$ cat coords-v3.txt   # compact mmCIF, C-alpha atoms
# COMPACT_ATOMS: atom_id res chain seq x y z
CA MET A 1 183.98 50.18 170.64
CA LEU A 2 187.41 51.54 169.82
CA THR A 3 190.13 49.88 171.87
CA VAL A 4 193.15 51.46 170.24
CA PRO A 5 195.48 52.54 173.06
CA VAL A 6 195.36 56.24 173.65
CA GLU A 7 199.10 56.50 173.10
CA ILE A 8 198.64 55.42 169.48
CA GLN A 9 195.94 58.03 168.99
CA ILE A 10 198.12 60.77 170.45
CA LEU A 11 200.95 59.47 168.26
CA LEU A 12 198.77 59.94 165.17
CA ALA A 13 198.06 63.54 166.20
CA GLY A 14 201.77 64.06 166.80
CA ILE A 15 202.66 62.70 163.37
CA LEU A 16 200.11 65.00 161.74
CA PHE A 17 201.46 67.97 163.71
CA LEU A 18 205.03 67.14 162.69
CA LEU A 19 204.00 66.85 159.04
CA GLY A 20 202.43 70.28 159.26
CA LEU A 21 205.54 71.68 160.93
CA ILE A 22 207.79 70.18 158.28
CA GLY A 23 205.60 71.63 155.56
CA LEU A 24 205.68 75.05 157.21
CA LEU A 25 209.48 74.98 157.44
CA VAL A 26 210.18 73.52 154.00
CA ARG A 27 207.68 75.16 151.68
CA ARG A 28 208.11 78.80 150.70
CA ASN A 29 204.83 79.20 148.85
CA MET A 30 202.48 81.09 151.18
CA ILE A 31 199.43 79.03 150.24
CA PHE A 32 201.29 75.85 151.18
CA MET A 33 202.53 77.39 154.42
CA LEU A 34 198.96 78.28 155.34
CA MET A 35 197.84 74.75 154.50
CA SER A 36 200.53 73.38 156.81
CA ILE A 37 199.28 75.64 159.59
CA GLU A 38 195.82 74.21 159.00
CA VAL A 39 197.16 70.68 159.41
CA MET A 40 198.77 71.71 162.70
CA PHE A 41 195.55 73.29 163.99
CA ASN A 42 193.66 70.17 163.02
CA SER A 43 196.03 67.85 164.85
CA ALA A 44 195.81 70.05 167.96
CA GLY A 45 192.04 69.72 167.82
CA LEU A 46 192.45 65.97 167.38
CA VAL A 47 194.41 65.84 170.64
CA PHE A 48 191.61 67.70 172.43
CA VAL A 49 188.93 65.33 171.13
CA ILE A 50 191.05 62.27 171.98
CA ALA A 51 191.49 63.53 175.53
CA GLY A 52 187.81 64.39 175.83
CA THR A 53 186.87 60.88 174.72
CA HIS A 54 189.41 59.34 177.05
CA TRP A 55 187.96 61.03 180.12
CA ARG A 56 184.36 60.97 178.82
CA GLN A 57 183.99 64.74 179.22
CA PRO A 58 182.51 67.16 176.68
CA ASP A 59 185.22 69.75 177.33
CA GLY A 60 187.48 68.41 174.60
CA GLN A 61 184.79 68.85 171.97
CA VAL A 62 184.04 72.35 173.26
CA MET A 63 187.70 73.20 172.83
CA PHE A 64 187.59 71.82 169.29
CA ILE A 65 184.73 74.20 168.49
CA PHE A 66 186.85 77.11 169.76
CA ILE A 67 189.76 75.91 167.64
CA LEU A 68 187.39 75.91 164.66
CA ALA A 69 186.45 79.55 165.32
CA VAL A 70 190.08 80.60 165.70
CA THR A 71 191.01 78.72 162.53
CA ALA A 72 188.24 80.36 160.53
CA VAL A 73 189.35 83.85 161.58
CA GLU A 74 193.00 83.03 160.96
CA VAL A 75 192.33 81.69 157.48
CA ALA A 76 190.21 84.67 156.48
CA ILE A 77 192.82 87.21 157.63
CA ALA A 78 195.75 85.25 156.24
CA LEU A 79 194.17 84.79 152.83
CA ALA A 80 193.36 88.50 152.64
CA LEU A 81 196.99 89.23 153.54
CA ILE A 82 198.19 86.79 150.87
CA LEU A 83 196.04 88.57 148.29
CA GLN A 84 197.57 91.91 149.32
CA VAL A 85 201.09 90.50 149.14
CA TYR A 86 200.37 89.08 145.71
CA HIS A 87 199.09 92.43 144.48
CA HIS A 88 202.17 94.23 145.80
CA PHE A 89 204.94 91.79 144.93
CA LYS A 90 203.39 89.69 142.14
CA THR A 91 204.69 86.55 143.80
CA LEU A 92 203.73 84.18 146.59
CA ASP A 93 207.28 83.35 147.63
CA ALA A 94 207.62 84.12 151.33
CA ASP A 95 211.34 84.83 150.96
CA SER A 96 210.69 87.65 148.50
CA VAL A 97 208.76 89.66 151.08
CA ASN A 98 211.85 90.92 152.89
CA LYS A 99 211.52 94.69 152.93
CA LEU A 100 212.06 94.72 156.70
CA ARG A 101 215.26 92.74 156.42
CA ASP A 102 218.47 94.26 157.73
CA HIS A 103 220.81 94.46 154.74
CA ASN A 104 224.36 94.40 156.00
CA MET B 1 186.87 48.91 164.88
CA ASN B 2 190.58 49.11 165.55
CA LEU B 3 191.40 48.19 161.97
CA LEU B 4 189.12 50.98 160.75
CA PHE B 5 191.01 53.42 162.95
CA TYR B 6 194.34 52.32 161.54
CA ILE B 7 193.08 52.53 157.94
CA ALA B 8 191.75 56.05 158.49
CA ALA B 9 194.96 57.09 160.24
CA THR B 10 197.05 55.75 157.35
CA ILE B 11 194.94 57.62 154.83
CA ALA B 12 195.24 60.81 156.90
CA ILE B 13 199.04 60.55 157.04
CA ILE B 14 199.46 59.64 153.36
CA SER B 15 197.18 62.39 152.11
CA THR B 16 198.84 64.95 154.39
CA ILE B 17 202.24 63.99 153.01
CA MET B 18 200.88 64.31 149.47
CA ALA B 19 199.33 67.67 150.36
CA ILE B 20 202.48 69.28 151.71
CA SER B 21 204.77 67.82 149.05
CA GLY B 22 202.71 68.53 145.95
CA ARG B 23 203.61 71.05 143.30
CA ASN B 24 200.13 71.89 142.10
CA ALA B 25 198.24 73.94 144.69
CA ILE B 26 194.78 72.71 143.71
CA HIS B 27 195.81 69.05 143.90
CA SER B 28 197.40 69.68 147.27
CA LEU B 29 194.20 71.29 148.48
CA LEU B 30 192.18 68.29 147.36
CA PHE B 31 194.57 66.00 149.23
CA LEU B 32 194.23 68.25 152.28
CA ILE B 33 190.44 67.90 152.08
CA LEU B 34 190.93 64.13 151.95
CA SER B 35 193.11 64.34 155.05
CA LEU B 36 190.42 66.33 156.87
CA LEU B 37 187.80 63.75 155.87
CA ALA B 38 190.02 60.98 157.25
CA VAL B 39 190.38 62.86 160.52
CA SER B 40 186.61 63.25 160.54
CA VAL B 41 186.22 59.45 160.29
CA ILE B 42 188.63 59.17 163.23
CA PHE B 43 186.43 61.60 165.19
CA TYR B 44 183.44 59.40 164.44
CA LEU B 45 185.32 56.35 165.66
CA LEU B 46 186.26 58.29 168.80
CA ASN B 47 182.58 58.60 169.77
CA ALA B 48 182.37 62.24 168.75
CA PRO B 49 179.83 62.29 165.88
CA PHE B 50 179.01 65.97 166.38
CA ILE B 51 182.63 66.97 165.96
CA ALA B 52 182.92 64.70 162.93
CA ALA B 53 180.03 66.54 161.29
CA LEU B 54 181.51 69.93 162.21
CA GLU B 55 184.85 68.89 160.74
CA VAL B 56 183.26 68.04 157.40
CA ILE B 57 180.95 71.06 157.30
CA ILE B 58 183.27 73.82 158.50
CA TYR B 59 186.79 72.58 157.77
CA ALA B 60 186.34 70.62 154.57
CA GLY B 61 183.33 72.63 153.49
CA ALA B 62 183.86 76.28 154.32
CA ILE B 63 187.55 76.86 155.03
CA MET B 64 188.80 74.79 152.11
CA VAL B 65 186.41 76.56 149.75
CA LEU B 66 188.07 79.82 150.83
CA PHE B 67 191.45 78.31 150.02
CA ILE B 68 190.32 77.07 146.62
CA PHE B 69 188.76 80.42 145.73
CA VAL B 70 191.94 82.33 146.58
CA THR B 71 194.07 79.80 144.72
CA MET B 72 191.90 80.20 141.67
CA MET B 73 191.88 84.00 141.95
CA LEU B 74 195.66 84.03 142.03
CA ASN B 75 195.64 81.64 139.09
CA ILE B 76 198.53 79.58 140.34
CA GLY B 77 199.07 75.93 139.80
CA MET B 78 197.44 75.45 136.46
CA GLU B 79 199.38 77.43 133.93
CA GLY B 80 199.07 76.06 130.45
CA ARG B 81 197.25 72.95 131.46
CA THR B 82 194.76 71.63 128.99
CA GLU B 83 191.61 69.96 130.15
CA LYS B 84 192.75 66.77 128.47
CA LYS B 85 195.66 66.52 130.82
CA TRP B 86 193.37 67.25 133.74
CA LEU B 87 191.18 64.34 132.84
CA SER B 88 194.02 61.85 132.42
CA PRO B 89 193.84 58.96 134.90
CA GLY B 90 197.14 59.76 136.54
CA MET B 91 195.69 62.96 137.92
CA TRP B 92 192.73 61.60 139.82
CA ILE B 93 193.39 57.90 140.33
CA ALA B 94 195.34 58.22 143.58
CA PRO B 95 192.97 60.57 145.44
CA SER B 96 189.97 58.64 144.17
CA LEU B 97 191.39 55.37 145.45
CA LEU B 98 192.15 56.88 148.86
CA ALA B 99 188.69 58.45 149.03
CA ALA B 100 187.05 55.15 148.07
CA VAL B 101 188.93 53.32 150.81
CA LEU B 102 187.86 56.03 153.25
CA LEU B 103 184.23 55.70 152.16
CA ALA B 104 184.31 51.92 152.64
CA ASP B 105 185.93 52.50 156.03
CA PHE B 106 183.18 54.90 157.05
CA ILE B 107 180.37 52.62 155.83
CA LEU B 108 181.90 49.74 157.79
CA ALA B 109 182.15 51.97 160.86
CA ILE B 110 178.47 52.89 160.62
CA THR B 111 177.11 49.43 159.89
CA HIS B 112 179.39 47.53 162.23
CA VAL B 113 178.01 49.08 165.39
CA THR B 114 176.68 46.10 167.31
CA GLY B 115 173.47 47.16 168.93
CA SER B 116 172.99 50.70 170.08
CA PRO B 117 176.07 52.51 171.31
CA SER B 118 176.06 52.79 175.05
CA VAL B 119 174.91 56.27 175.87
CA ASP B 120 177.44 56.82 178.62
CA GLN B 121 180.28 56.38 176.11
CA VAL B 122 179.13 58.63 173.29
CA ILE B 123 179.35 62.30 174.18
CA LEU B 124 176.16 63.68 172.72
CA PRO B 125 175.84 67.14 171.16
CA LYS B 126 173.45 68.02 173.98
CA GLN B 127 176.20 67.66 176.57
CA VAL B 128 178.55 69.66 174.38
CA GLY B 129 175.99 72.43 174.01
CA ILE B 130 175.21 72.54 177.72
CA SER B 131 178.90 72.73 178.57
CA LEU B 132 179.50 75.30 175.83
CA PHE B 133 176.82 77.69 177.04
CA SER B 134 177.29 77.30 180.77
CA THR B 135 180.91 76.59 181.71
CA TYR B 136 182.45 78.22 178.66
CA LEU B 137 180.00 81.08 178.16
CA LEU B 138 182.68 83.73 178.56
CA ALA B 139 184.88 81.97 176.01
CA VAL B 140 181.96 81.89 173.55
CA GLU B 141 181.59 85.66 173.87
CA ILE B 142 185.32 86.15 173.40
CA ALA B 143 185.14 83.96 170.30
CA ALA B 144 182.31 86.15 169.04
CA ILE B 145 184.48 89.25 169.49
CA LEU B 146 187.31 87.45 167.70
CA LEU B 147 185.04 86.58 164.77
CA MET B 148 183.89 90.21 164.59
CA ALA B 149 187.49 91.37 164.49
CA GLY B 150 188.15 88.80 161.79
CA VAL B 151 185.28 90.08 159.67
CA ILE B 152 186.43 93.69 159.97
CA GLY B 153 190.06 92.78 159.31
CA ALA B 154 189.27 90.67 156.28
CA TYR B 155 187.03 93.42 154.90
CA HIS B 156 189.69 96.05 155.44
CA LEU B 157 192.47 93.98 153.93
CA GLY B 158 190.37 92.74 151.06
CA SER B 159 189.01 96.09 149.93
CA GLN B 160 190.69 97.70 146.98
CA LYS B 161 192.43 100.85 148.16
CA LYS B 162 191.64 104.06 146.35
CA LYS B 163 194.51 106.41 145.61
CA PHE B 164 194.18 108.95 148.39
CA THR B 165 195.45 112.44 147.91
CA HIS B 166 195.02 115.24 150.35
CA ARG B 167 192.34 117.72 149.41
CA PHE B 168 194.87 120.55 149.18
CA MET B 169 196.85 118.58 146.63
CA ILE B 170 193.99 118.01 144.21
CA LYS B 171 194.58 119.96 141.04
CA ASN B 172 191.51 121.05 139.21
$ encode --input "coords-v3.txt" --output "structure tokens"
Amino acid sequence: MLTVPVEIQILLAGILFLLGLIGLLVRRNMIFMLMSIEVMFNSAGLVFVIAGTHWRQPDGQVMFIFILAVTAVEVAIALALILQVYHHFKTLDADSVNKLRDHN
Amino acid sequence: MNLLFYIAATIAIISTIMAISGRNAIHSLLFLILSLLAVSVIFYLLNAPFIAALEVIIYAGAIMVLFIFVTMMLNIGMEGRTEKKWLSPGMWIAPSLLAAVLLADFILAITHVTGSPSVDQVILPKQVGISLFSTYLLAVEIAAILLMAGVIGAYHLGSQKKKFTHRFMIKN
């Protein structure tokens, strides 16, 4: 079966997580920021499954199922919030939603 | 097997880069779906077929459909585009190529299994289910409460607010 060293697999998950983090920091469109968060969740789940396979335990896959549930809730709430923001501000730019900012 | 892993990993990284650097939201979402499919192939190669199926069904199937619906409701990413431009080869040739490579990768992974996979290596869905409903039973119930809160929150946020005036202020 698969004989890729586990360090390489963890490295792949790390690269995916970093890509998501870069996307979250660089993009200002809220849809893209949410997509980057999805990539980060997915890479975290990938780490769990890699570890579960490495130790031949089902716990990693159980944790992935929990991550799936959390992701589903997070996406539903965040997309509803994005719709509300779009109705209020007529834009999806995250920098334009700054009513709480301290103007000095 | 190792080569298949590296191919799927490369596709995952490339499509994620395309997804977070794209300008058109719908195209980025399609690349993100491709990235999730590549990660699903990696799950299959990691002896986790149940998780691979869940990844395709829930992530690429349900969550991404939510994304695409909201993107289409907000009508961003395709202003003034004619269908002719949509159907031009430059639009779909790159994702199609990546998806075709991924499909070939997956078919190779399925057909290249020599003999039956040793049962002690593959973690079967039965083990996952037993662990889920015995060791992690409390966490399952907490996840159920979380999903309930998510349903109520999404309903509350998504409902169109009526203009509310106090009953003393109504002029009639």
$ closest_residue --input "coords-v3.txt" --among "A:Val62, A:Leu11, A:Val47, A:Met30" --to "chain B" --atoms "only C-alpha atoms"
A:Val62
$ closest_atom_pairs --input "coords-v3.txt" --of "chain B" --to "chain A" --cutoff "7 Å" --atoms "all atoms listed in the file" --output "JSON lines"
{"residue": "B:Met1", "atom": "CA", "partner": "A:Leu2", "partner_atom": "CA", "distance": 5.6}
{"residue": "B:Asn2", "atom": "CA", "partner": "A:Val4", "partner_atom": "CA", "distance": 5.8}
{"residue": "B:Ala9", "atom": "CA", "partner": "A:Leu12", "partner_atom": "CA", "distance": 6.9}
{"residue": "B:Ile13", "atom": "CA", "partner": "A:Leu16", "partner_atom": "CA", "distance": 6.6}
{"residue": "B:Ile17", "atom": "CA", "partner": "A:Leu19", "partner_atom": "CA", "distance": 6.9}
{"residue": "B:Ile20", "atom": "CA", "partner": "A:Gly23", "partner_atom": "CA", "distance": 5.5}
{"residue": "B:Leu45", "atom": "CA", "partner": "A:Leu2", "partner_atom": "CA", "distance": 6.7}
{"residue": "B:Leu46", "atom": "CA", "partner": "A:Thr53", "partner_atom": "CA", "distance": 6.5}
{"residue": "B:Asn47", "atom": "CA", "partner": "A:Thr53", "partner_atom": "CA", "distance": 6.9}
{"residue": "B:Ile51", "atom": "CA", "partner": "A:Gln61", "partner_atom": "CA", "distance": 6.7}
{"residue": "B:Ile63", "atom": "CA", "partner": "A:Ala72", "partner_atom": "CA", "distance": 6.6}
{"residue": "B:Gln121", "atom": "CA", "partner": "A:Arg56", "partner_atom": "CA", "distance": 6.7}
{"residue": "B:Ile123", "atom": "CA", "partner": "A:Pro58", "partner_atom": "CA", "distance": 6.3}
{"residue": "B:Gln127", "atom": "CA", "partner": "A:Pro58", "partner_atom": "CA", "distance": 6.3}
{"residue": "B:Val128", "atom": "CA", "partner": "A:Pro58", "partner_atom": "CA", "distance": 5.2}
{"residue": "B:Ser131", "atom": "CA", "partner": "A:Pro58", "partner_atom": "CA", "distance": 6.9}
{"residue": "B:Leu132", "atom": "CA", "partner": "A:Val62", "partner_atom": "CA", "distance": 6.0}
{"residue": "B:Ala143", "atom": "CA", "partner": "A:Ala69", "partner_atom": "CA", "distance": 6.8}
{"residue": "B:Leu147", "atom": "CA", "partner": "A:Val73", "partner_atom": "CA", "distance": 6.0}
{"residue": "B:Gly150", "atom": "CA", "partner": "A:Val73", "partner_atom": "CA", "distance": 5.1}
{"residue": "B:Gly153", "atom": "CA", "partner": "A:Ile77", "partner_atom": "CA", "distance": 6.4}
{"residue": "B:Ala154", "atom": "CA", "partner": "A:Ile77", "partner_atom": "CA", "distance": 5.1}
{"residue": "B:Leu157", "atom": "CA", "partner": "A:Ala80", "partner_atom": "CA", "distance": 5.7}
{"residue": "B:Gly158", "atom": "CA", "partner": "A:Ala80", "partner_atom": "CA", "distance": 5.4}
$ atom_distance --input "coords-v3.txt" --atom1 "atom CA of Phe17 of chain A" --atom2 "atom CA of Phe41 of chain A"
8.0 Å
$ atom_distance --input "coords-v3.txt" --atom1 "atom CA of Leu108 of chain B" --atom2 "atom CA of Ile7 of chain B"
11.5 Å
$ atom_distance --input "coords-v3.txt" --atom1 "atom CA of Phe50 of chain B" --atom2 "atom CA of Phe133 of chain B"
16.0 Å
$ axis_aligned_box --input "coords-v3.txt" --around "segment 53-68 of chain B" --padding-each-side "8 Å" --output "AutoDock Vina command-line options"
--center_x 185.7 --center_y 73.2 --center_z 154.4 --size_x 27.4 --size_y 29.3 --size_z 31.6
$ closest_residue --input "coords-v3.txt" --among "A:Leu25, A:Met40, A:Ala51, A:Leu100" --to "Leu36 of chain B" --atoms "all atoms listed in the file"
A:Met40
$ closest_residue --input "coords-v3.txt" --among "B:Ala62, B:Leu74, B:Leu4, B:Met148" --to "Ala38 of chain B" --atoms "only C-alpha atoms"
B:Leu4
